[in-house]
Amino acid sequence: MVGAPSLPCFDMSWERAPLLKGKTIVVTGSASGIGQETARVCSAMGARVLGIDVTKRFDHVEEFYRADLSDGATIDALIDVLPKGIDGIANIAGLPPTAPADKVVAVNLFGLKHLTLGLIPKLNDGASIVNLASLAGFGWPDAVHAIRASEDVHVDDAARFAVDHQITNEGGRSYFFSKEALIAWTMQNRWTWRDRGIRMNAVSPGPVDTPILGDFLETLGARAEEDARIMDRPGTPQDLAPIVAFLLSDMTTWIRGTNIPADGGMSSNILCEMHGLSS
Ligand SMILES: NC(=O)c1ccc[n+]([C@@H]2O[C@H](COP(=O)([O-])OP(=O)(O)OC[C@H]3O[C@@H](n4cnc5c(N)ncnc54)[C@H](O)[C@@H]3O)[C@@H](O)[C@H]2O)c1
């Protein structure tokens with residue numbers, strides 16, 4: 001896994017399939033990386049995209065809302081101002097493990113949950129919610145105690161939670177925990193809105209070549225070097241956005257509470273090694 005990936009030349013004509021025609025999709029983190037590419041792909045597939053980010057950028061969105069998703073009052077104001085009739089939410093905004101620990105858990109977990117739960121009344125029946133988790137959340141079964149403790153924490157209490165549960169940045173723990181808890185929350189909500197046909201799923205990328213890849217490499221040190229040795233290339237936003245768009249489409253109405261790894265084979269590699277299946 002060295003530098004900018006050289007991608008095989010895939011046929012991208014699927015982008016013109018109108019899979020999201022007539023749908024209104026909220027994309028958080030729309031100003032950069034995976035969120036920006038998801039906004040582009042969803043627009044290309046016929047959706048009206050409402051972008052949200054703390055950074056102002058209007059590419060590929062029909063409407064843009066500038067908001068800091070670590071702040072409860074800002075999220076409440078955003079929920080008020082967003083229109084009714086939303087068909088999908090792509091929760092993609094996120095901070096890397098080099099950001100302050102309380103901000104990482106606020107944006108990646110508590111703010112995401114606050115926004116999503118606040119928007120449920122504005123969703124159409126049959127809507128799809130997609131949470132961008134991470135391979136970093138793979139170890140969620142070992143964090144169940146802290147995950148349960150985090151369940152009802154308000155976004156504005158993220159700092160207190162991080163202190164009480166020793167969620168610091170050491171070894172990237174704040175980031176790992178935010179993604180572990182997000183995968184758990186996705187599974188827990190497999191049937192929460194089943195009567196309205198609203199589903200929630202997650203996508204878990206391995207290392208992706210976006211502006212925050214360097215932050216991960218810096219935090220993970222030797223572990224990242226080992227990943228780099230095994231991987232052929234890092235992912236790109238173009239690898240991830242179609243998976244999010246697929247989950248937002250009506251092709252996936254029976255996929256519920258699932259976490260889809262999209263990591264070039266990394267999670268399978270970990271599982272094979274854990275269970276003695278490596279050759
Ligand atoms: N890049 C990777 O290697 C990788 C791997 C696994 C998972 N992910 C996840 O993918 C998602 C997208 O990351 P990316 O790699 O595209 O990074 P990115 O930095 O390119 O995009 C993240 C976006 O989130 C926005 N954001 C950050 N804090 C915010 C806040 N307080 N309020 C509103 N918006 C905020 C940023 O402005 C940015 O536009 C994140 O949730 C990240 O954790 C990334």
# chains A, B, ... in the order shown; residues from 1 in each chain; ligands from 1
$ residues_around --residues "stretch 92-103 of chain A" --least-positions-apart "6" --cutoff "8 Å" --atoms "only C-alpha atoms" --output "list of chain:residue names"
A:Val27, A:Thr28, A:Gly29, A:Ser30, A:Ile34, A:Gly35, A:Asp53, A:Ser70, A:Asn131, A:Leu132, A:Ala158, A:Ala159, A:Ala162, A:Ile167, A:Thr168, A:Asn169, A:Gly172, A:Arg173, A:Ser174, A:Tyr175, A:Ile212, A:Asp215, A:Phe216, A:Thr219
$ closest_atom_pairs --of "stretch 61-175 of chain A" --to "stretch 179-184 of chain A" --cutoff "7 Å" --atoms "only C-alpha atoms" --output "CSV"
residue,atom,partner,partner_atom,distance
A:Leu109,CA,A:Leu182,CA,6.2
A:Ala133,CA,A:Lys179,CA,5.2
A:Ser134,CA,A:Lys179,CA,6.0
A:Ala136,CA,A:Lys179,CA,6.4
A:Gly137,CA,A:Glu180,CA,3.9
A:Phe138,CA,A:Glu180,CA,6.7
A:Gly139,CA,A:Glu180,CA,6.7
A:Trp140,CA,A:Glu180,CA,4.5
A:Ile147,CA,A:Ala181,CA,5.4
A:Tyr175,CA,A:Lys179,CA,6.4
$ residues_around --residues "stretch 54-57 of chain A" --least-positions-apart "6" --cutoff "8 Å" --atoms "only C-alpha atoms" --output "ChimeraX atom specification"
/A:29-31,64,66-69
$ write_last_selection --atoms "N, CA and C atoms" --output "mmCIF file, in the first residue's frame"
data_model
loop_
_atom_site.group_PDB
_atom_site.id
_atom_site.type_symbol
_atom_site.label_atom_id
_atom_site.label_comp_id
_atom_site.auth_asym_id
_atom_site.auth_seq_id
_atom_site.Cartn_x
_atom_site.Cartn_y
_atom_site.Cartn_z
ATOM 1 N N GLY A 29 -20.876 15.362 5.982
ATOM 2 C CA GLY A 29 -19.480 15.258 5.532
ATOM 3 C C GLY A 29 -19.365 15.443 4.032
ATOM 4 N N SER A 30 -20.294 16.188 3.457
ATOM 5 C CA SER A 30 -20.369 16.311 1.988
ATOM 6 C C SER A 30 -19.260 17.175 1.388
ATOM 7 N N ALA A 31 -18.451 17.825 2.241
ATOM 8 C CA ALA A 31 -17.446 18.754 1.712
ATOM 9 C C ALA A 31 -16.149 18.082 1.309
ATOM 10 N N PHE A 64 -27.057 23.166 0.684
ATOM 11 C CA PHE A 64 -25.962 22.926 1.626
ATOM 12 C C PHE A 64 -26.287 23.592 2.963
ATOM 13 N N ARG A 66 -24.454 24.462 6.571
ATOM 14 C CA ARG A 66 -23.202 24.463 7.340
ATOM 15 C C ARG A 66 -23.542 24.221 8.809
ATOM 16 N N ALA A 67 -22.962 23.192 9.398
ATOM 17 C CA ALA A 67 -23.281 22.875 10.797
ATOM 18 C C ALA A 67 -22.138 22.106 11.439
ATOM 19 N N ASP A 68 -21.921 22.392 12.718
ATOM 20 C CA ASP A 68 -20.945 21.645 13.507
ATOM 21 C C ASP A 68 -21.692 20.506 14.205
ATOM 22 N N LEU A 69 -21.424 19.294 13.763
ATOM 23 C CA LEU A 69 -22.180 18.143 14.263
ATOM 24 C C LEU A 69 -21.653 17.623 15.602
#
$ closest_residue --among "A:Asp80, A:Asp263, A:Glu15, A:Asp227" --to "ligand 1" --atoms "only C-alpha atoms and all ligand atoms"
A:Asp263
$ select_by_dssp --residues "stretch 19-166 of chain A" --states "strand (DSSP E or B)" --output "ChimeraX atom specification"
/A:24-28,48-53,63-66,86-91,123-132
$ closest_residue --among "A:Gly46, A:Pro261, A:Pro207, A:Pro141" --to "ligand 1" --atoms "only C-alpha atoms and all ligand atoms"
A:Pro207
$ closest_atom_pairs --of "stretch 35-118 of chain A" --to "stretch 240-245 of chain A" --cutoff "12 Å" --atoms "only C-alpha atoms" --output "Markdown table"
| residue | atom | partner | partner_atom | distance |
| --- | --- | --- | --- | --- |
| A:Gly35 | CA | A:Ala241 | CA | 7.7 |
| A:Gln36 | CA | A:Ala241 | CA | 8.8 |
| A:Glu37 | CA | A:Ala241 | CA | 5.9 |
| A:Thr38 | CA | A:Ala241 | CA | 4.5 |
| A:Ala39 | CA | A:Ala241 | CA | 8.2 |
| A:Arg40 | CA | A:Ala241 | CA | 8.6 |
| A:Val41 | CA | A:Ala241 | CA | 6.7 |
| A:Cys42 | CA | A:Ala245 | CA | 6.1 |
| A:Ser43 | CA | A:Ala245 | CA | 9.9 |
| A:Ala44 | CA | A:Ala245 | CA | 10.4 |
| A:Met45 | CA | A:Ala245 | CA | 8.5 |
| A:Gly46 | CA | A:Ala245 | CA | 10.9 |
| A:Ala47 | CA | A:Ala245 | CA | 9.9 |
| A:Val49 | CA | A:Ala245 | CA | 11.7 |
| A:Asp87 | CA | A:Ala245 | CA | 11.9 |
| A:Gly88 | CA | A:Ala245 | CA | 9.6 |
| A:Ile89 | CA | A:Val244 | CA | 9.9 |
| A:Ala90 | CA | A:Val244 | CA | 7.3 |
| A:Asn91 | CA | A:Val244 | CA | 9.8 |
| A:Ile92 | CA | A:Val244 | CA | 9.6 |
$ write_last_selection --atoms "all heavy atoms" --output "compact mmCIF listing (two decimals), in the first residue's frame"
# COMPACT_ATOMS: atom_id res chain seq x y z
N GLY A 35 -17.69 11.50 1.77
CA GLY A 35 -18.98 12.21 1.75
C GLY A 35 -19.17 12.98 0.46
O GLY A 35 -20.26 12.97 -0.14
N GLN A 36 -18.12 13.64 0.01
CA GLN A 36 -18.22 14.43 -1.22
C GLN A 36 -18.49 13.50 -2.42
O GLN A 36 -19.33 13.79 -3.28
CB GLN A 36 -16.94 15.21 -1.44
CG GLN A 36 -17.06 16.19 -2.59
CD GLN A 36 -15.76 16.93 -2.86
OE1 GLN A 36 -14.68 16.43 -2.57
NE2 GLN A 36 -15.86 18.10 -3.40
N GLU A 37 -17.79 12.38 -2.46
CA GLU A 37 -17.99 11.44 -3.57
C GLU A 37 -19.38 10.79 -3.49
O GLU A 37 -20.02 10.55 -4.52
CB GLU A 37 -16.88 10.38 -3.55
CG GLU A 37 -16.98 9.30 -4.62
CD GLU A 37 -16.88 9.80 -6.07
OE1 GLU A 37 -16.58 10.99 -6.29
OE2 GLU A 37 -17.11 8.98 -6.97
N THR A 38 -19.85 10.55 -2.28
CA THR A 38 -21.20 9.99 -2.12
C THR A 38 -22.24 11.00 -2.63
O THR A 38 -23.20 10.62 -3.31
CB THR A 38 -21.47 9.64 -0.64
OG1 THR A 38 -20.54 8.61 -0.25
CG2 THR A 38 -22.88 9.12 -0.44
N ALA A 39 -22.04 12.27 -2.31
CA ALA A 39 -22.95 13.30 -2.82
C ALA A 39 -22.94 13.31 -4.35
O ALA A 39 -24.00 13.39 -5.00
CB ALA A 39 -22.55 14.67 -2.27
N ARG A 40 -21.75 13.18 -4.92
CA ARG A 40 -21.64 13.18 -6.39
C ARG A 40 -22.37 11.99 -7.00
O ARG A 40 -23.16 12.13 -7.93
CB ARG A 40 -20.16 13.17 -6.81
CG ARG A 40 -19.95 13.44 -8.29
CD ARG A 40 -18.53 13.13 -8.74
NE ARG A 40 -18.21 11.72 -8.73
CZ ARG A 40 -18.65 10.82 -9.62
NH1 ARG A 40 -19.43 11.21 -10.62
NH2 ARG A 40 -18.33 9.56 -9.52
N VAL A 41 -22.13 10.80 -6.43
CA VAL A 41 -22.74 9.58 -6.99
C VAL A 41 -24.26 9.62 -6.81
O VAL A 41 -25.01 9.28 -7.72
CB VAL A 41 -22.11 8.32 -6.33
CG1 VAL A 41 -22.93 7.08 -6.63
CG2 VAL A 41 -20.68 8.14 -6.81
N CYS A 42 -24.71 10.04 -5.63
CA CYS A 42 -26.17 10.10 -5.40
C CYS A 42 -26.82 11.10 -6.37
O CYS A 42 -27.90 10.82 -6.91
CB CYS A 42 -26.47 10.49 -3.96
SG CYS A 42 -26.07 9.21 -2.76
N SER A 43 -26.18 12.24 -6.60
CA SER A 43 -26.73 13.21 -7.58
C SER A 43 -26.77 12.59 -8.96
O SER A 43 -27.77 12.70 -9.67
CB SER A 43 -25.86 14.46 -7.65
OG SER A 43 -25.90 15.14 -6.45
N ALA A 44 -25.67 11.91 -9.34
CA ALA A 44 -25.61 11.29 -10.67
C ALA A 44 -26.71 10.24 -10.83
O ALA A 44 -27.22 10.03 -11.94
CB ALA A 44 -24.24 10.65 -10.89
N MET A 45 -27.09 9.60 -9.73
CA MET A 45 -28.12 8.56 -9.78
C MET A 45 -29.52 9.14 -9.60
O MET A 45 -30.48 8.38 -9.41
CB MET A 45 -27.85 7.52 -8.71
CG MET A 45 -26.63 6.68 -9.02
SD MET A 45 -26.43 5.42 -7.76
CE MET A 45 -25.69 4.13 -8.72
N GLY A 46 -29.63 10.47 -9.64
CA GLY A 46 -30.96 11.09 -9.69
C GLY A 46 -31.46 11.67 -8.39
O GLY A 46 -32.59 12.20 -8.35
N ALA A 47 -30.67 11.59 -7.31
CA ALA A 47 -31.17 12.10 -6.02
C ALA A 47 -31.02 13.61 -5.92
O ALA A 47 -30.15 14.21 -6.55
CB ALA A 47 -30.42 11.43 -4.87
N VAL A 49 -29.66 15.98 -3.37
CA VAL A 49 -28.77 15.80 -2.22
C VAL A 49 -28.75 17.06 -1.35
O VAL A 49 -28.52 18.16 -1.84
CB VAL A 49 -27.33 15.46 -2.69
CG1 VAL A 49 -26.38 15.39 -1.50
CG2 VAL A 49 -27.32 14.13 -3.44
N ASP A 87 -35.61 10.64 2.15
CA ASP A 87 -35.61 9.21 1.82
C ASP A 87 -34.35 8.49 2.28
O ASP A 87 -34.29 7.25 2.23
CB ASP A 87 -35.74 9.01 0.30
CG ASP A 87 -37.01 9.63 -0.22
OD1 ASP A 87 -38.09 9.12 0.12
OD2 ASP A 87 -36.93 10.65 -0.95
N GLY A 88 -33.34 9.23 2.65
CA GLY A 88 -32.11 8.57 3.08
C GLY A 88 -31.19 9.52 3.82
O GLY A 88 -31.19 10.74 3.55
N ILE A 89 -30.43 8.96 4.76
CA ILE A 89 -29.39 9.74 5.46
C ILE A 89 -28.09 8.96 5.33
O ILE A 89 -28.03 7.78 5.70
CB ILE A 89 -29.69 9.91 6.96
CG1 ILE A 89 -31.10 10.46 7.19
CG2 ILE A 89 -28.65 10.80 7.62
CD1 ILE A 89 -31.48 10.52 8.69
N ALA A 90 -27.07 9.61 4.78
CA ALA A 90 -25.73 9.02 4.75
C ALA A 90 -24.90 9.76 5.80
O ALA A 90 -24.51 10.91 5.59
CB ALA A 90 -25.12 9.16 3.36
N ASN A 91 -24.69 9.12 6.93
CA ASN A 91 -23.94 9.73 8.04
C ASN A 91 -22.45 9.49 7.82
O ASN A 91 -21.91 8.46 8.23
CB ASN A 91 -24.39 9.09 9.36
CG ASN A 91 -25.72 9.62 9.85
OD1 ASN A 91 -25.97 10.82 9.81
ND2 ASN A 91 -26.58 8.72 10.31
N ILE A 92 -21.79 10.45 7.19
CA ILE A 92 -20.40 10.22 6.76
C ILE A 92 -19.42 11.16 7.46
O ILE A 92 -18.24 10.83 7.61
CB ILE A 92 -20.30 10.34 5.22
CG1 ILE A 92 -21.26 9.32 4.58
CG2 ILE A 92 -18.87 10.12 4.74
CD1 ILE A 92 -21.24 9.28 3.07
$ select_by_dssp --residues "stretch 69-165 of chain A" --states "helix (DSSP H, G or I)" --output "ChimeraX atom specification"
/A:72-81,101-122,135-137,140-150,155-164
$ closest_residue --among "A:Leu112, A:Val26, A:Leu135, A:Ile79" --to "ligand 1" --atoms "only C-alpha atoms and all ligand atoms"
A:Leu135
$ closest_residue --among "A:Arg233, A:Asp152, A:Val130, A:Glu226" --to "A:Ala202" --atoms "only C-alpha atoms"
A:Val130
$ residues_around --residues "A:Phe10" --least-positions-apart "4" --cutoff "12 Å" --atoms "only C-alpha atoms" --output "ChimeraX atom specification"
/A:6,14-15,238-239
$ closest_residue --among "A:Ile230, A:Ala17, A:Leu217, A:Val153" --to "A:Lys113" --atoms "only C-alpha atoms"
A:Val153
$ closest_residue --among "A:Glu62, A:Gly171, A:Leu82, A:Ile270" --to "A:Glu218" --atoms "only C-alpha atoms"
A:Gly171
$ atom_distance --atom1 "atom CA of A:His145" --atom2 "atom CA of A:Glu273"
25.7 Å
$ residues_around --residues "A:Leu119" --least-positions-apart "2" --cutoff "10 Å" --atoms "only C-alpha atoms" --output "list of chain:residue names"
A:Asp76, A:Leu78, A:Ile79, A:Asp80, A:Leu82, A:Pro83, A:Lys84, A:Ile86, A:Ile89, A:Lys113, A:His114, A:Leu115, A:Thr116, A:Leu117, A:Pro121, A:Lys122, A:Leu123
